[in-house]
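A.B. asks: For reference, this is coords_10.txt, and it has compact mmCIF, C-alpha atoms.
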```
# COMPACT_ATOMS: atom_id res chain seq x y z
CA MET M 5 130.79 -12.13 -135.02
CA ILE M 6 128.24 -13.83 -132.77
CA ILE M 7 128.75 -17.60 -132.30
CA GLU M 8 125.96 -19.73 -130.89
CA VAL M 9 126.79 -22.51 -128.42
CA LYS M 10 124.05 -25.14 -128.15
CA ILE M 11 123.36 -27.99 -125.74
CA PRO M 12 125.11 -31.10 -127.15
CA SER M 13 123.17 -34.29 -127.83
CA PRO M 14 124.41 -37.25 -125.74
CA GLY M 15 122.72 -39.72 -128.09
CA GLU M 16 119.79 -40.30 -130.42
CA SER M 17 117.59 -41.73 -127.67
CA ILE M 18 118.17 -38.82 -125.27
CA THR M 19 115.41 -36.20 -125.33
CA GLU M 20 116.07 -34.52 -121.99
CA VAL M 21 119.23 -33.34 -120.27
CA GLU M 22 120.07 -31.18 -117.28
CA LEU M 23 122.23 -28.07 -117.29
CA THR M 24 123.66 -28.51 -113.81
CA ARG M 25 125.90 -25.45 -113.48
CA TRP M 26 127.86 -22.72 -115.25
CA PHE M 27 131.60 -22.45 -114.65
CA VAL M 28 131.61 -18.82 -115.89
CA THR M 29 129.47 -15.72 -115.37
CA ASP M 30 127.32 -13.79 -117.82
CA GLY M 31 129.31 -11.09 -119.62
CA GLU M 32 132.68 -12.71 -118.87
CA TRP M 33 135.35 -12.81 -121.57
CA VAL M 34 136.33 -16.44 -122.21
CA PRO M 35 139.23 -17.94 -124.17
CA LYS M 36 138.76 -20.65 -126.78
CA ASP M 37 138.37 -24.22 -125.44
CA LYS M 38 137.47 -23.02 -121.94
CA GLU M 39 134.95 -25.22 -120.14
CA LEU M 40 131.74 -23.22 -119.79
CA ALA M 41 129.12 -25.49 -118.23
CA GLU M 42 128.28 -29.02 -117.15
CA ILE M 43 125.56 -31.03 -118.92
CA GLU M 44 124.23 -34.22 -117.33
CA SER M 45 122.13 -36.88 -119.05
CA ASP M 46 120.96 -40.33 -118.01
CA LYS M 47 124.02 -41.84 -119.69
CA ALA M 48 126.94 -39.51 -119.10
CA THR M 49 128.14 -36.10 -117.96
CA LEU M 50 129.28 -33.75 -120.75
CA THR M 51 131.07 -30.41 -120.74
CA LEU M 52 130.11 -27.34 -122.76
CA VAL M 53 133.26 -25.85 -124.31
CA ALA M 54 133.88 -22.44 -125.88
CA SER M 55 134.44 -22.84 -129.64
CA ALA M 56 136.03 -19.38 -129.88
CA SER M 57 137.32 -16.54 -127.72
CA GLY M 58 135.06 -13.62 -126.88
CA LYS M 59 132.48 -12.16 -124.54
CA LEU M 60 129.97 -14.67 -123.19
CA HIS M 61 126.22 -14.09 -122.94
CA ILE M 62 124.29 -16.81 -121.08
CA LYS M 63 120.91 -17.64 -122.63
CA LEU M 64 119.92 -20.67 -120.56
CA GLN M 65 119.77 -21.03 -116.78
CA PRO M 66 120.56 -24.28 -114.90
CA GLY M 67 117.74 -26.80 -115.02
CA THR M 68 116.12 -29.39 -117.26
CA THR M 69 116.39 -28.68 -120.98
CA GLN M 70 116.66 -30.42 -124.36
CA PRO M 71 119.56 -31.15 -126.73
CA ASN M 72 120.34 -28.46 -129.35
CA MET M 73 118.83 -25.65 -127.25
CA LEU M 74 120.78 -22.37 -127.34
CA ALA M 75 122.88 -22.26 -124.17
CA CYS M 76 124.92 -19.10 -124.76
CA THR M 77 126.50 -16.86 -127.39
CA ILE M 78 130.08 -15.67 -127.79
CA ASP M 79 130.83 -12.25 -129.27
CA THR M 80 134.23 -12.75 -130.93
CA SER M 81 134.57 -9.02 -131.75
CA VAL M 82 135.26 -8.25 -128.08
CA GLU M 83 138.96 -8.33 -127.30
CA ALA M 84 140.45 -9.74 -124.15
CA PRO M 85 140.56 -7.34 -121.19
CA ALA M 86 143.90 -5.92 -120.11
CA GLU M 87 144.31 -8.32 -117.22
CA SER M 88 143.98 -11.28 -119.62
CA THR M 89 146.97 -10.20 -121.77
CA PRO M 90 150.26 -12.13 -121.42
CA ALA M 91 152.63 -11.09 -118.68
CA ASN M 92 155.33 -9.88 -121.09
CA ASN M 93 152.90 -7.34 -122.60
CA THR M 94 151.80 -5.99 -119.25
CA PRO M 95 152.87 -2.35 -118.79
CA GLU M 96 155.30 -1.72 -115.99
CA VAL M 97 153.69 -0.46 -112.80
CA LYS M 98 155.78 1.90 -110.69
CA ALA M 99 155.86 1.10 -107.03
CA GLU M 100 154.43 3.77 -104.74
CA PRO M 101 156.48 4.85 -101.70
CA VAL M 102 155.68 2.82 -98.65
CA LYS M 103 154.11 4.88 -95.89
CA LYS M 104 155.36 4.23 -92.39
CA VAL M 105 152.59 3.00 -90.18
CA GLN M 106 152.78 4.11 -86.57
CA GLU M 107 152.92 1.12 -84.25
CA ALA M 108 149.98 0.88 -81.92
CA PRO M 109 150.84 1.15 -78.24
CA LYS M 110 150.88 -2.08 -76.32
CA ALA M 111 147.85 -2.77 -74.21
CA ASP M 112 148.35 -2.68 -70.47
CA SER M 113 147.60 -5.59 -68.19
CA HIS M 114 144.18 -4.24 -67.32
CA ALA M 115 143.19 -4.01 -71.00
CA ALA M 116 144.48 -7.54 -71.58
CA SER M 117 142.30 -8.87 -68.81
CA VAL M 118 139.27 -7.08 -70.24
CA GLN M 119 139.82 -8.70 -73.65
CA GLN M 120 139.89 -12.20 -72.20
CA PRO M 121 136.84 -14.41 -72.77
CA GLU M 122 134.09 -14.04 -70.20
CA ILE M 123 134.46 -16.44 -67.29
CA THR M 124 131.44 -18.09 -65.72
CA ILE M 125 131.60 -17.87 -61.87
CA SER M 126 129.14 -19.72 -59.67
CA PRO M 127 127.36 -17.76 -56.88
CA VAL M 128 129.15 -19.71 -54.13
CA ALA M 129 132.56 -19.07 -55.72
CA ARG M 130 131.77 -15.38 -56.18
CA ASN M 131 130.88 -15.00 -52.49
CA MET M 132 134.11 -16.70 -51.46
CA MET M 133 136.15 -14.44 -53.77
CA GLU M 134 134.51 -11.32 -52.36
CA GLU M 135 135.07 -12.54 -48.80
CA HIS M 136 138.80 -13.05 -49.40
CA HIS M 137 139.19 -10.09 -51.79
CA LEU M 138 140.27 -12.20 -54.76
CA THR M 139 139.93 -11.32 -58.45
CA ALA M 140 139.29 -13.82 -61.27
CA ASP M 141 142.88 -13.39 -62.52
CA GLU M 142 144.27 -14.22 -59.09
CA VAL M 143 142.17 -17.38 -58.90
CA LEU M 144 143.31 -18.44 -62.37
CA ASP M 145 146.95 -17.77 -61.45
CA GLY M 146 146.51 -20.09 -58.50
CA LEU M 147 145.29 -22.92 -60.77
CA ARG M 148 148.47 -23.26 -62.83
CA ARG M 149 148.86 -26.89 -61.76
CA ILE M 150 146.44 -29.25 -63.52
CA GLY M 151 145.49 -32.34 -61.59
CA LYS M 152 143.11 -35.26 -62.02
CA LYS M 153 140.23 -33.37 -60.45
CA GLU M 154 140.55 -30.43 -62.86
CA VAL M 155 140.68 -32.72 -65.93
CA GLU M 156 137.61 -34.62 -64.76
CA GLN M 157 135.74 -31.33 -64.28
CA VAL M 158 136.58 -30.21 -67.84
CA LEU M 159 135.58 -33.60 -69.30
CA GLU M 160 132.26 -33.41 -67.48
CA TRP M 161 131.73 -29.86 -68.78
CA LYS M 162 132.55 -30.89 -72.39
CA LYS M 163 130.18 -33.85 -72.10
CA HIS M 164 127.41 -31.55 -71.00
CA THR M 165 128.02 -28.97 -73.75
CA THR M 166 128.23 -31.72 -76.43
CA GLN M 167 124.89 -33.15 -75.37
CA THR M 168 123.22 -29.75 -75.52
CA ALA M 169 124.65 -29.08 -79.01
CA ILE M 170 122.82 -31.98 -80.70
CA THR M 171 120.87 -30.88 -83.78
CA ARG M 172 118.29 -32.54 -86.03
CA THR M 173 118.72 -30.64 -89.28
CA GLU M 174 117.53 -31.96 -92.64
CA ARG M 175 118.21 -30.99 -96.24
CA SER M 176 116.89 -31.98 -99.63
CA GLU M 177 118.37 -31.79 -103.11
CA LYS M 178 117.06 -32.56 -106.58
CA MET M 179 117.87 -36.02 -107.91
CA SER M 180 120.16 -35.84 -110.95
CA GLN M 181 119.23 -37.27 -114.34
CA LEU M 182 121.98 -39.86 -113.96
CA ARG M 183 120.69 -40.98 -110.56
CA LYS M 184 117.06 -41.13 -111.79
CA LYS M 185 118.00 -43.25 -114.80
CA LEU M 186 120.16 -45.51 -112.66
CA SER M 187 117.26 -46.05 -110.27
CA GLN M 188 114.93 -46.94 -113.13
CA ARG M 189 117.40 -49.39 -114.63
CA LEU M 190 118.05 -51.15 -111.31
CA VAL M 191 114.34 -51.69 -110.74
CA ALA M 192 113.91 -52.85 -114.34
CA VAL M 193 116.68 -55.44 -113.97
CA LYS M 194 115.01 -57.04 -110.96
CA ASN M 195 111.61 -57.04 -112.68
CA GLU M 196 112.66 -58.11 -116.19
CA THR M 197 115.41 -60.70 -115.56
CA ALA M 198 115.61 -64.00 -113.72
CA MET M 199 118.70 -62.96 -111.78
CA LEU M 200 120.56 -65.48 -109.64
CA THR M 201 123.98 -65.35 -107.98
CA THR M 202 126.56 -68.09 -107.54
CA PHE M 203 129.58 -67.79 -105.22
CA ASN M 204 133.10 -69.13 -105.00
CA GLU M 205 136.42 -68.09 -103.50
CA ALA M 206 139.91 -67.61 -104.92
CA ASP M 207 143.30 -67.99 -103.28
CA MET M 208 145.12 -64.78 -104.21
CA SER M 209 148.57 -66.03 -103.09
CA GLU M 210 150.10 -66.39 -106.57
CA ILE M 211 148.88 -63.03 -107.84
CA MET M 212 150.05 -61.28 -104.68
CA HIS M 213 153.43 -63.00 -105.00
CA LEU M 214 153.78 -61.86 -108.62
CA ARG M 215 152.91 -58.31 -107.66
CA SER M 216 155.36 -58.19 -104.75
CA VAL M 217 158.26 -59.64 -106.79
CA TRP M 218 157.75 -57.78 -110.09
CA GLN M 219 155.92 -54.61 -109.07
CA LYS M 220 158.93 -52.29 -109.22
CA GLU M 221 160.17 -53.57 -112.60
CA PHE M 222 156.63 -53.57 -114.03
CA THR M 223 156.05 -49.97 -112.91
CA GLU M 224 159.40 -48.77 -114.28
CA LYS M 225 158.78 -50.33 -117.69
CA HIS M 226 155.08 -49.59 -118.19
CA GLY M 227 154.62 -46.46 -116.08
CA ILE M 228 151.73 -47.90 -114.10
CA LYS M 229 151.29 -50.18 -111.10
CA LEU M 230 150.24 -53.80 -111.44
CA GLY M 231 146.90 -54.27 -109.71
CA PHE M 232 144.27 -56.99 -109.32
CA MET M 233 141.96 -55.66 -112.06
CA SER M 234 144.24 -56.65 -114.96
CA PHE M 235 144.37 -60.27 -113.77
CA PHE M 236 140.60 -60.41 -113.28
CA THR M 237 139.88 -58.79 -116.65
CA LYS M 238 142.25 -61.16 -118.44
CA ALA M 239 140.87 -64.22 -116.64
CA VAL M 240 137.30 -63.16 -117.39
CA SER M 241 138.15 -62.66 -121.08
CA VAL M 242 139.51 -66.22 -121.37
CA ALA M 243 136.48 -67.67 -119.56
CA LEU M 244 133.96 -65.65 -121.61
CA LEU M 245 135.24 -67.12 -124.88
CA GLU M 246 134.89 -70.61 -123.39
CA PHE M 247 131.35 -69.95 -122.13
CA PRO M 248 129.76 -67.78 -124.85
CA LYS M 249 126.32 -67.59 -123.23
CA VAL M 250 127.78 -65.64 -120.32
CA ASN M 251 129.09 -63.19 -122.92
CA ALA M 252 125.78 -63.03 -124.84
CA GLN M 253 122.57 -61.04 -124.45
CA ILE M 254 118.87 -61.43 -125.19
CA ASN M 255 117.35 -59.18 -127.85
CA GLY M 256 113.64 -59.86 -128.12
CA GLU M 257 113.37 -63.49 -129.18
CA GLU M 258 116.97 -63.70 -130.34
CA ILE M 259 120.26 -64.40 -128.57
CA ILE M 260 123.20 -62.25 -129.67
CA TYR M 261 126.60 -63.90 -129.23
CA HIS M 262 129.89 -61.98 -129.23
CA ASP M 263 133.26 -63.31 -130.33
CA TYR M 264 135.00 -60.48 -128.49
CA CYS M 265 135.11 -59.30 -124.89
CA ASP M 266 134.14 -55.68 -124.24
CA VAL M 267 134.49 -55.61 -120.47
CA CYS M 268 132.76 -52.85 -118.49
CA ILE M 269 134.62 -51.70 -115.37
CA ALA M 270 132.41 -50.16 -112.67
CA VAL M 271 133.85 -46.88 -111.34
CA GLN M 272 132.40 -45.06 -108.32
CA THR M 273 132.25 -41.27 -108.81
CA ASP M 274 130.76 -38.35 -106.91
CA LYS M 275 127.78 -38.44 -109.26
CA GLY M 276 127.15 -42.17 -108.93
CA LEU M 277 128.31 -45.42 -110.49
CA MET M 278 129.77 -45.10 -114.00
CA VAL M 279 130.51 -48.17 -116.15
CA PRO M 280 132.94 -47.36 -119.00
CA VAL M 281 133.89 -50.05 -121.52
CA LEU M 282 137.32 -51.59 -122.10
CA ARG M 283 137.04 -52.91 -125.67
CA ASN M 284 138.62 -56.14 -126.94
CA ALA M 285 140.08 -56.96 -123.56
CA GLU M 286 140.85 -60.49 -124.79
CA SER M 287 143.62 -59.12 -127.05
CA MET M 288 145.22 -56.84 -124.46
CA SER M 289 148.25 -57.43 -122.25
CA LEU M 290 148.14 -56.88 -118.49
CA ALA M 291 149.92 -53.55 -118.89
CA ASP M 292 147.48 -52.41 -121.60
CA ILE M 293 144.54 -53.38 -119.41
CA GLU M 294 145.92 -51.46 -116.40
CA LYS M 295 146.52 -48.35 -118.55
CA GLY M 296 143.09 -48.60 -120.16
CA ILE M 297 141.30 -48.96 -116.84
CA ALA M 298 143.25 -46.07 -115.29
CA GLU M 299 142.41 -43.79 -118.22
CA LEU M 300 138.70 -44.66 -118.15
CA ALA M 301 138.51 -44.25 -114.36
CA GLN M 302 140.17 -40.83 -114.53
CA LYS M 303 137.74 -39.71 -117.24
CA ALA M 304 134.78 -41.02 -115.27
CA ARG M 305 135.73 -39.15 -112.09
CA SER M 306 136.38 -35.91 -113.99
CA GLY M 307 133.20 -36.18 -116.09
CA LYS M 308 135.11 -36.53 -119.39
CA LEU M 309 133.71 -39.86 -120.62
CA SER M 310 132.33 -39.84 -124.15
CA ILE M 311 129.10 -41.57 -125.16
CA ASP M 312 131.07 -44.18 -127.11
CA GLU M 313 133.08 -45.03 -123.98
CA MET M 314 129.84 -45.60 -122.07
CA THR M 315 127.89 -47.68 -124.59
CA GLY M 316 128.14 -51.35 -125.48
CA GLY M 317 129.90 -53.87 -123.32
CA THR M 318 129.37 -57.61 -123.11
CA PHE M 319 130.26 -58.25 -119.45
CA THR M 320 130.86 -56.20 -116.29
CA ILE M 321 133.30 -56.39 -113.37
CA THR M 322 132.61 -54.50 -110.14
CA ASN M 323 135.00 -54.31 -107.20
CA GLY M 324 133.30 -53.76 -103.86
CA GLY M 325 136.47 -54.90 -102.13
CA ILE M 326 138.01 -51.44 -102.37
CA PHE M 327 135.33 -50.31 -99.89
CA GLY M 328 135.88 -53.30 -97.61
CA SER M 329 132.99 -55.49 -98.81
CA LEU M 330 133.43 -59.15 -97.88
CA MET M 331 130.53 -60.53 -99.93
CA SER M 332 127.67 -59.11 -102.01
CA THR M 333 125.29 -59.94 -104.86
CA PRO M 334 126.08 -57.54 -107.74
CA ILE M 335 123.20 -56.55 -110.01
CA ILE M 336 123.35 -57.17 -113.78
CA ASN M 337 124.19 -54.30 -116.11
CA PRO M 338 121.50 -54.65 -118.85
CA PRO M 339 121.35 -55.83 -121.57
CA GLN M 340 124.28 -57.99 -120.48
CA SER M 341 123.68 -61.42 -119.03
CA ALA M 342 126.19 -61.53 -116.19
CA ILE M 343 128.39 -59.50 -113.84
CA LEU M 344 131.35 -60.52 -111.67
CA GLY M 345 131.73 -59.08 -108.17
CA MET M 346 135.17 -58.85 -106.56
CA HIS M 347 135.52 -58.45 -102.81
CA ASN M 348 138.00 -57.76 -100.04
CA VAL M 349 141.09 -59.97 -99.68
CA VAL M 350 141.14 -61.45 -96.17
CA ASP M 351 143.57 -63.89 -94.57
CA ARG M 352 141.60 -67.02 -93.68
CA PRO M 353 142.45 -70.59 -92.64
CA VAL M 354 141.99 -73.02 -95.55
CA ALA M 355 142.79 -76.70 -96.06
CA ILE M 356 145.84 -77.19 -98.35
CA ASN M 357 146.89 -80.80 -98.99
CA GLY M 358 145.30 -81.94 -95.76
CA LYS M 359 146.84 -79.16 -93.67
CA VAL M 360 145.38 -75.89 -92.42
CA GLU M 361 147.16 -72.82 -93.79
CA ILE M 362 146.47 -69.11 -93.66
CA ARG M 363 145.91 -67.80 -97.19
CA PRO M 364 144.75 -64.45 -98.67
CA MET M 365 141.26 -65.35 -99.87
CA MET M 366 138.69 -63.41 -101.89
CA TYR M 367 135.02 -64.27 -102.30
CA LEU M 368 133.78 -64.09 -105.91
CA ALA M 369 130.15 -63.56 -106.89
CA LEU M 370 128.66 -64.07 -110.35
CA SER M 371 125.15 -62.72 -110.89
CA TYR M 372 123.56 -63.97 -114.12
CA ASP M 373 120.30 -63.96 -116.07
CA HIS M 374 118.91 -67.48 -115.70
CA ARG M 375 116.77 -67.00 -118.82
CA LEU M 376 119.93 -67.34 -120.90
CA VAL M 377 122.66 -68.77 -118.66
CA ASP M 378 122.07 -72.18 -117.11
CA GLY M 379 123.22 -72.92 -113.59
CA LYS M 380 125.82 -75.40 -114.85
CA ASP M 381 127.43 -72.83 -117.15
CA SER M 382 127.43 -70.11 -114.51
CA VAL M 383 129.14 -72.35 -111.95
CA ARG M 384 131.68 -73.68 -114.47
CA PHE M 385 132.43 -70.15 -115.64
CA LEU M 386 133.16 -68.96 -112.10
CA VAL M 387 135.26 -72.07 -111.36
CA ARG M 388 137.26 -71.33 -114.52
CA VAL M 389 137.89 -67.74 -113.40
CA LYS M 390 138.97 -69.03 -109.98
CA GLU M 391 141.37 -71.49 -111.63
CA LEU M 392 142.98 -68.79 -113.79
CA LEU M 393 143.39 -66.47 -110.82
CA GLU M 394 145.02 -69.15 -108.67
CA GLN M 395 147.29 -70.26 -111.55
CA PRO M 396 147.88 -66.99 -113.45
CA HIS M 397 150.68 -68.45 -115.61
CA LYS M 398 147.92 -70.20 -117.57
CA LEU M 399 146.86 -66.81 -118.92
CA LEU M 400 149.97 -66.84 -121.13
CA PHE M 401 148.85 -69.98 -122.94
CA GLY M 402 145.17 -69.36 -123.61
CA GLY M 403 144.12 -70.71 -120.24
CA THR M 404 145.98 -74.03 -120.41
CA LEU M 405 149.10 -75.38 -118.73
CA PRO M 406 152.48 -74.48 -120.28
CA GLU M 407 153.29 -78.18 -120.63
CA LYS M 408 150.08 -78.82 -122.59
CA ALA M 409 150.74 -75.82 -124.82
CA LEU M 410 154.24 -77.11 -125.49
CA LEU M 411 152.97 -80.60 -126.36
CA GLY M 412 150.04 -79.30 -128.39
CA LEU M 413 147.52 -81.01 -126.12
```
Could I get this file's structure written as structure tokens?
C.D. replies:
Amino acid sequence: MIIEVKIPSPGESITEVELTRWFVTDGEWVPKDKELAEIESDKATLTLVASASGKLHIKLQPGTTQPNMLACTIDTSVEAPAESTPANNTPEVKAEPVKKVQEAPKADSHAASVQQPEITISPVARNMMEEHHLTADEVLDGLRRIGKKEVEQVLEWKKHTTQTAITRTERSEKMSQLRKKLSQRLVAVKNETAMLTTFNEADMSEIMHLRSVWQKEFTEKHGIKLGFMSFFTKAVSVALLEFPKVNAQINGEEIIYHDYCDVCIAVQTDKGLMVPVLRNAESMSLADIEKGIAELAQKARSGKLSIDEMTGGTFTITNGGIFGSLMSTPIINPPQSAILGMHNVVDRPVAINGKVEIRPMMYLALSYDHRLVDGKDSVRFLVRVKELLEQPHKLLFGGTLPEKALLGL
């Protein structure tokens, strides 16, 4: 039976994809569920998988193509080759007698000297050697002690050879569909939105203290480490429900508000920036958030994200701090209205109750679409996030103090 394997459709709006590479060769026998090829679109990277076992016949070469095109066929009537059978069904192979190999005679000292790398001898040195009847080996034997002069000579020689080895090579490669679409979207954001950025800073002392005290117990119970992202995602979710415009988006002449927080987490991969969605983050615990982010990041880096995991989202968090960024202006992820940028944690002197103390500080940046979000709301939103990060116990009580929650205030 011949089974056709077609290019999958990443979505209704996608009319062009790129077959980047085949993982198998034409005529190869493949087992069911084996990954055959990689398909890249402007939204995600997909994998072509064998729906049955059989002999593969490639019908489409790497390059730009369209969804539903015939990529390959699988002939299921062809059985697996002998080497593909399980080990317990493999016939016993008798060992052949080992033939004794005659040991090669050792090379004499003259042969050893011939095989040594060629030595460069200056004309003056050669004349001196001939005058005193010295060979190159005898000169080298006399230089067994390495002094400052000899080291300086070698350093000067290496400097000279390094300078002469400088090259000016260039290479070019085709831009991927994902990179082309990303470029178009970035330009569109700057041209179609009134993007502004507001900054603040957060004292990370309390969060770092919680992590240092409870990290071991948290990891043992939940099977994952407690990082910064869960605190930021939770704090953002509380603030988004208090400032709904930051969580909204413009659709033509309408404003669409969301009563939930689908937070996009930017993940850097070899193919570019991927932004998978963590849905209903407002209802998740810190452990659930950490697990969800870890799963999405692993899928993004291995090219296993589905279209559903890449679409939607009401707000985005990007962390340039993992690369050492101190401050930046993140760009909005359309059609969202805002994005939060995290940065590197640096010990800095700050004023605490009239005294200068060294605290672990992080700059925060909120880029927002001024067409929808007013300056007042953007600043208040970022101040609220800062407050929740510096007093993380408030996250347990809907963003308020425990005393107020107890008193119903």
A.B. asks: Find the residue from M:Glu391, M:Glu8, M:Glu44, M:Glu174 that sits nearest to M:Leu23; use all atoms listed in the file when measuring.
C.D. replies: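 Of M:Glu391, M:Glu8, M:Glu44, M:Glu174, the one nearest M:Leu23, counting all atoms listed in the file, is M:Glu44.
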A.B. asks: (121.9, -38.5, -117.1) in this file's frame - what residues fall within 8 Å of it? Use all atoms listed in the file and give the answer as number ranges by chain.
C.D. replies: M: 21-22, 44-49, 180-185
A.B. asks: For those residues, write C-alpha atoms to a file as a short mmCIF file (atom, residue, chain, number, x, y, z; two decimals), in the coordinates of the input.
C.D. replies:
```
data_model
loop_
_atom_site.label_atom_id
_atom_site.label_comp_id
_atom_site.auth_asym_id
_atom_site.auth_seq_id
_atom_site.Cartn_x
_atom_site.Cartn_y
_atom_site.Cartn_z
CA VAL M 21 119.23 -33.34 -120.27
CA GLU M 22 120.07 -31.18 -117.28
CA GLU M 44 124.23 -34.22 -117.33
CA SER M 45 122.13 -36.88 -119.05
CA ASP M 46 120.96 -40.33 -118.01
CA LYS M 47 124.02 -41.84 -119.69
CA ALA M 48 126.94 -39.51 -119.10
CA THR M 49 128.14 -36.10 -117.96
CA SER M 180 120.16 -35.84 -110.95
CA GLN M 181 119.23 -37.27 -114.34
CA LEU M 182 121.98 -39.86 -113.96
CA ARG M 183 120.69 -40.98 -110.56
CA LYS M 184 117.06 -41.13 -111.79
CA LYS M 185 118.00 -43.25 -114.80
#
```
A.B. asks: Please work out which residues fall within 9 Å of (115.2, -59.7, -118.1), coordinates as given in the file, with all atoms listed in the file counting, and return them as number ranges by chain.
C.D. replies: M: 192-199, 254, 338-339, 341, 373-375
A.B. asks: If we count only C-alpha atoms and set the cut-off at 10 Å, which residues sit around M:Thr29, ignoring sequence neighbours fewer than 4 positions away in its own chain? Please answer as a list in words.
C.D. replies: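 The contact residues come out as Trp33, Val34, Leu40, Leu60, His61 and Ile62 of chain M.
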A.B. asks: What is the atom CA of M:Gly316-atom CA of M:Val281 distance in Å, reported with one decimal?
C.D. replies: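 That distance, rounded to one decimal, is 7.1 Å.
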A.B. asks: Mind giving me the straight-line distance from atom CA of M:Thr201 to atom CA of M:Leu370 in Å, one decimal?
C.D. replies: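 Computing the Euclidean distance for atom CA of M:Thr201 and atom CA of M:Leu370 yields 5.4 Å.
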A.B. asks: If you count all atoms listed in the file, which residues fall within 7 Å of M:Val377, apart from same-chain ones fewer than 4 positions away, as a list in words?
C.D. replies: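 Near M:Val377, the qualifying residues are Lys249, Val250, Tyr372, Asp373, Asp381 and Ser382 of chain M.
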A.B. asks: Please provide as a PyMOL selection string all residues within 12 Å of M:Gly31, with the sequence filter that same-chain residues fewer than 6 positions apart are discarded (counting only C-alpha atoms).
C.D. replies: chain M and resi 58-63+76-79+82+85
A.B. asks: What separation in Å, quoted to one decimal, exists between atom CA of M:Met288 and atom CA of M:Glu205?
C.D. replies: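 Interatomic distance here is 25.4 Å.
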A.B. asks: So, counting only C-alpha atoms, which residue among M:Asp145, M:Glu83, M:Asp351, M:Asp266 is closest to M:Phe319?
C.D. replies: M:Asp266
A.B. asks: I want to know what sits within 8 Å of M:Lys10, based on all atoms listed in the file, with residues of the same chain fewer than 5 positions away left out; could you give that as a list in words?
C.D. replies: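 Final neighbour list, sorted by chain and number: Pro71, Asn72, Met73, Leu74, Ala75 and Cys76 of chain M.
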A.B. asks: Between M:Ala41, M:Val354, M:Leu190, M:Val387, single out the one closest to M:Ile11, counting all atoms listed in the file.
C.D. replies: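 Among the listed residues, the smallest separation from M:Ile11 belongs to M:Ala41.
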A.B. asks: Give me, as a short mmCIF file (atom, residue, chain, number, x, y, z; two decimals) with C-alpha atoms, keeping the file's coordinate frame, all polymer residues having an atom no more than 9 Å from stretch 325-328 of chain M, counting only C-alpha atoms and skipping those fewer than 6 positions away in the same chain.
C.D. replies:
```cif
data_model
loop_
_atom_site.label_atom_id
_atom_site.label_comp_id
_atom_site.auth_asym_id
_atom_site.auth_seq_id
_atom_site.Cartn_x
_atom_site.Cartn_y
_atom_site.Cartn_z
CA GLY M 345 131.73 -59.08 -108.17
CA MET M 346 135.17 -58.85 -106.56
CA HIS M 347 135.52 -58.45 -102.81
CA ASN M 348 138.00 -57.76 -100.04
CA VAL M 349 141.09 -59.97 -99.68
CA MET M 366 138.69 -63.41 -101.89
#
```
A.B. asks: Using all atoms listed in the file, which of the listed residues (M:Cys265, M:Ile297, M:Val383, M:Val350) sits closest to M:Ala239?
C.D. replies: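 Among M:Cys265, M:Ile297, M:Val383, M:Val350, it is M:Cys265 that comes nearest to M:Ala239.
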A.B. asks: Rank nothing, just name the residue among M:Lys303, M:Lys359, M:Lys380, M:Lys220 nearest to M:Val279, using all atoms listed in the file.
C.D. replies: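 Answer, going by the shortest atom-to-atom distance: M:Lys303.
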A.B. asks: Write out, as a Markdown table, each residue of stretch 243-273 of chain M that has an atom at most 12 Å from stretch 307-312 of chain M, together with the closest pair of atoms and their distance in Å to one decimal, counting all atoms listed in the file, rows going by chain and rising number.
C.D. replies:
```
| residue | atom | partner | partner_atom | distance |
| --- | --- | --- | --- | --- |
| M:Val271 | CA | M:Leu309 | CA | 11.6 |
| M:Gln272 | CA | M:Gly307 | CA | 11.8 |
| M:Thr273 | CA | M:Gly307 | CA | 8.9 |
```
A.B. asks: Could you rebuild stretch 320-327 of chain M with N, CA and C atoms and give me the result as a PDB file, in the coordinates of the input?
C.D. replies:
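Below is the file selection_39.pdb, written as the result:
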```pdb
ATOM      1  N   THR M 320     130.464 -57.247-117.233  1.00  0.00           N
ATOM      2  CA  THR M 320     130.860 -56.200-116.290  1.00  0.00           C
ATOM      3  C   THR M 320     131.584 -56.795-115.087  1.00  0.00           C
ATOM      4  N   ILE M 321     132.602 -56.048-114.605  1.00  0.00           N
ATOM      5  CA  ILE M 321     133.300 -56.390-113.370  1.00  0.00           C
ATOM      6  C   ILE M 321     133.122 -55.229-112.394  1.00  0.00           C
ATOM      7  N   THR M 322     132.726 -55.529-111.175  1.00  0.00           N
ATOM      8  CA  THR M 322     132.610 -54.500-110.140  1.00  0.00           C
ATOM      9  C   THR M 322     133.408 -54.931-108.918  1.00  0.00           C
ATOM     10  N   ASN M 323     134.100 -53.996-108.307  1.00  0.00           N
ATOM     11  CA  ASN M 323     135.000 -54.310-107.200  1.00  0.00           C
ATOM     12  C   ASN M 323     134.539 -53.617-105.918  1.00  0.00           C
ATOM     13  N   GLY M 324     133.719 -54.306-105.149  1.00  0.00           N
ATOM     14  CA  GLY M 324     133.300 -53.760-103.860  1.00  0.00           C
ATOM     15  C   GLY M 324     134.356 -53.920-102.788  1.00  0.00           C
ATOM     16  N   GLY M 325     135.412 -54.679-103.096  1.00  0.00           N
ATOM     17  CA  GLY M 325     136.470 -54.900-102.130  1.00  0.00           C
ATOM     18  C   GLY M 325     137.231 -53.650-101.766  1.00  0.00           C
ATOM     19  N   ILE M 326     137.279 -52.679-102.670  1.00  0.00           N
ATOM     20  CA  ILE M 326     138.010 -51.440-102.370  1.00  0.00           C
ATOM     21  C   ILE M 326     137.326 -50.659-101.255  1.00  0.00           C
ATOM     22  N   PHE M 327     136.046 -50.954-100.989  1.00  0.00           N
ATOM     23  CA  PHE M 327     135.330 -50.310 -99.890  1.00  0.00           C
ATOM     24  C   PHE M 327     135.242 -51.207 -98.663  1.00  0.00           C
TER      25      PHE M 327
END
```
